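The next block holds one structure in the form of structure tokens; read it before the comments.
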Amino acid sequence: MQIRRLGNSGLRVSRMALGTMGWARDTDADEAASQLVAFVDAGGTLVDTADVYGEGETEELLGGLLGDLVPREEIVLATKAVANRGTGPFGGGASRGSLLGALDGSLRRLGVDHIDLWQLHAWDPNVPLEETLSAMDYALRSGKVRYIGVANYTGWQLATAACATVPIVSTQHEYSLAERGIEREVIPAAEYHGIGLLPWAPLGRGVLTGKYRTGTPADSRGADPEYAGYVDRHRTERVARIVEAITTAADGLGTSPLAVALAWVRDRPGVVAPVVGARDTAQLTGSLAAEDLTLPAAIRAALDDVSEPGSGYPERWPHS
């Protein structure tokens with residue numbers, strides 16, 4: 001698997017990240033171990049999790065696989081804080097006390113002495129940004145964290161945080177052929193400040209694989225009451241047209257719609273590594289197969305056209 005620099009930093013990561021949001025819920029320990037081994041054997045290095053996934057069980061599961069199964073030094077370990085909202089004075093959010101408590105909790109569950117990429121899972125409007133970033137700065141200076149990232153920030157939030165003294169090297173956002181809204185402000189802000197983009201849901205929450213073209217598979221997230229609304233966001237007429245274009249391209253290239261959709265987002269400007277989650281190793285293998293695919297310029301242009309996001313003032317305002 002090819003390696004890319006994460007933004008303007010010296011951190012080098014695989015150009016695909018392994019997502020773990022479903023671990024300890026949809027994916028048991030044996031299947032998670034199989035996925036991790038397959039990912040590392042394919043040359044993958046960046047593994048992404050969060051303290052809120054599985055209410056902490058996901059971090060515990062991942063931590064239990066590091067060391068004996070996969071050497072810690074072969075993994076760029078990324079996790080997140082902020083989204084976990086508990087009770088009490090330090091119960092959640094982006095306050096200094098909450099963040100540093102969350103960091104200690106993640107280190108304990110993961111069974112490591114440092115986290116390679118620690119990310120703010122969301123913007124917290126109730127806490128001054130200076131306080132939040134002071135906690136991140138302390139984490140860096142203490143050696144418990146090597147690099148700092150954010151997730152789900154708007155364009156102005158990302159630019160504001162990037163102008164602070166704490167270096168931000170990455171940002172996570174939903175980005176796919178089905179969801180290109182971040183091209184208006186987030187991606188320009190990230191590129192200007194040298195911040196690498198880690199897209200989540202690069203397969204349009206599964207819709208871009210074509211699995212929902214003729215119905216809802218019984219074993220899919222779309223059939224799960226807990227996830228149906230999550231998937232249905234992209235089950236629209238617009239996205240259906242995009243899926244047809246992806247399928248046509250895949251047929252012409254002799255590959256899968258999954259590989260086409262993933263290769264498109266992987267090679268977009270500013271993208272470092274799409275975060276790919278899988279229910280089982282078979283699904284992950286399909287994503288790993290996209291590593292060998294580079295879309296021809298004509299197909300990329302056709303997909304760009306069919307998925308073109310709406311534009312408006314002032315993002316696309318002409319400049320002389």
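Letters A, B, ... mark the chains of the structure tokens in the order given; residue numbers begin at 1 per chain; ligand numbers begin at 1, in order shown.
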
Contact check, segment 255-308 of chain A to segment 159-179 of chain A, at most 7 Å, counting only C-alpha atoms, closest pairs as a tab-separated table:
residue	atom	partner	partner_atom	distance
A:Ala261	CA	A:Leu177	CA	6.9
A:Val265	CA	A:Ser176	CA	5.9
A:Ser307	CA	A:Leu177	CA	5.9

**Spatial neighbours of Ile3 of chain A, 9 Å, only C-alpha atoms, chain gap at least 4 places, as a PyMOL selection string** = chain A and resi 12-16+43-45+272

**Item:** Residue list (helix (DSSP H, G or I), DSSP) for segment 22-105 of chain A, as an NGL selection string
**Value:** :A and (29-41 or 53-65 or 72-74 or 96-105)

Residues of segment 63-194 of chain A in strand (DSSP E), written as a tab-separated table (two decimals) with C-alpha atoms, in the first residue's frame:
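For reference, selection_25.tsv as written:
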chain	number	residue	atom	x	y	z
A	76	VAL	CA	-0.20	4.56	13.53
A	77	LEU	CA	-2.78	4.58	16.30
A	78	ALA	CA	-5.49	7.24	16.06
A	79	THR	CA	-8.33	7.86	18.49
A	80	LYS	CA	-10.70	10.69	19.40
A	81	ALA	CA	-12.25	12.50	22.34
A	115	ILE	CA	-1.34	7.86	20.98
A	116	ASP	CA	0.04	8.73	17.56
A	117	LEU	CA	-2.89	10.89	16.40
A	118	TRP	CA	-5.33	12.29	18.97
A	119	GLN	CA	-8.36	13.97	17.41
A	120	LEU	CA	-11.09	16.32	18.61
A	145	VAL	CA	0.28	12.28	22.15
A	146	ARG	CA	2.45	12.67	19.04
A	147	TYR	CA	0.14	14.57	16.66
A	148	ILE	CA	-3.16	16.45	16.88
A	149	GLY	CA	-6.16	16.31	14.54
A	150	VAL	CA	-9.81	17.38	14.46
A	151	ALA	CA	-13.02	16.00	12.99
A	168	ILE	CA	-3.15	20.50	13.61
A	169	VAL	CA	-2.12	17.91	11.03
A	170	SER	CA	-5.42	16.26	10.04
A	171	THR	CA	-9.17	16.65	9.79
A	172	GLN	CA	-11.86	13.98	9.40
A	173	HIS	CA	-15.06	14.60	7.44
A	174	GLU	CA	-17.66	12.66	5.56

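Atom CA of Asp113 of chain A sits 6.4 Å away from atom CA of Lys144 of chain A.
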
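The closest residue to Arg279 of chain A, picked from A:Ser142, A:Arg221, A:Tyr230, A:Asn152 and counting only C-alpha atoms, is A:Arg221.
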
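Considering the residues A:Arg268, A:Arg141, A:Arg184, A:Arg205 and counting only C-alpha atoms, His234 of chain A has its shortest atom-to-atom contact with A:Arg205.
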
**Request:** Mind checking which residues fall within 9 Å of Ala245 of chain A, counting only C-alpha atoms, ignoring those fewer than 5 positions away in the same chain, and posting them as a list in words?
**Result:** Ala240, Ala250, Ala302, Leu303 and Val306 of chain A

Requested write-out: C-alpha atoms of the selected residues, as a short mmCIF file (atom, residue, chain, number, x, y, z; two decimals), in the first residue's frame:
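File result.cif, as written:
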data_model
loop_
_atom_site.label_atom_id
_atom_site.label_comp_id
_atom_site.auth_asym_id
_atom_site.auth_seq_id
_atom_site.Cartn_x
_atom_site.Cartn_y
_atom_site.Cartn_z
CA ALA A 240 -29.09 6.60 -7.39
CA ALA A 250 -16.91 -0.60 -12.81
CA ALA A 302 -17.67 11.66 -15.76
CA LEU A 303 -18.02 10.85 -12.06
CA VAL A 306 -22.66 13.39 -12.21
#

Using only C-alpha atoms, tabulate the residues of segment 267-300 of chain A lying at most 7 Å from any atom of segment 257-260 of chain A, each with its closest atom pair and that distance in Å to one decimal, by chain and increasing residue number, as JSON lines.
{"residue": "A:Ser287", "atom": "CA", "partner": "A:Ala259", "partner_atom": "CA", "distance": 6.3}
{"residue": "A:Ala289", "atom": "CA", "partner": "A:Ala259", "partner_atom": "CA", "distance": 6.8}
{"residue": "A:Ala290", "atom": "CA", "partner": "A:Ala259", "partner_atom": "CA", "distance": 4.5}

**Request:** Skip Gly155 of chain A itself and residues of its chain fewer than 5 positions away, then list as a PyMOL selection string all residues within 8 Å of it, counting only C-alpha atoms.
**Result:** chain A and resi 182+185-187+189

Please, could you write that set of residues out with N, CA and C atoms as a PDB file, in the first residue's frame?
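Final output, saved to again-v1.pdb:
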ATOM      1  N   ILE A 182     -17.994  19.341   1.596  1.00  0.00           N
ATOM      2  CA  ILE A 182     -16.800  19.939   2.194  1.00  0.00           C
ATOM      3  C   ILE A 182     -15.884  20.590   1.156  1.00  0.00           C
ATOM      4  N   GLU A 185     -15.817  24.810   1.518  1.00  0.00           N
ATOM      5  CA  GLU A 185     -15.007  25.600   2.446  1.00  0.00           C
ATOM      6  C   GLU A 185     -13.991  24.782   3.228  1.00  0.00           C
ATOM      7  N   VAL A 186     -14.340  23.570   3.620  1.00  0.00           N
ATOM      8  CA  VAL A 186     -13.438  22.788   4.464  1.00  0.00           C
ATOM      9  C   VAL A 186     -12.161  22.417   3.728  1.00  0.00           C
ATOM     10  N   ILE A 187     -12.281  21.864   2.535  1.00  0.00           N
ATOM     11  CA  ILE A 187     -11.083  21.444   1.809  1.00  0.00           C
ATOM     12  C   ILE A 187     -10.183  22.632   1.468  1.00  0.00           C
ATOM     13  N   ALA A 189      -9.813  25.342   3.183  1.00  0.00           N
ATOM     14  CA  ALA A 189      -9.182  25.721   4.443  1.00  0.00           C
ATOM     15  C   ALA A 189      -8.079  24.733   4.816  1.00  0.00           C
TER      16      ALA A 189
END

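One distance worth recording is that between atom CA of Glu74 of chain A and atom CA of Ile195 of chain A, which is 23.1 Å.
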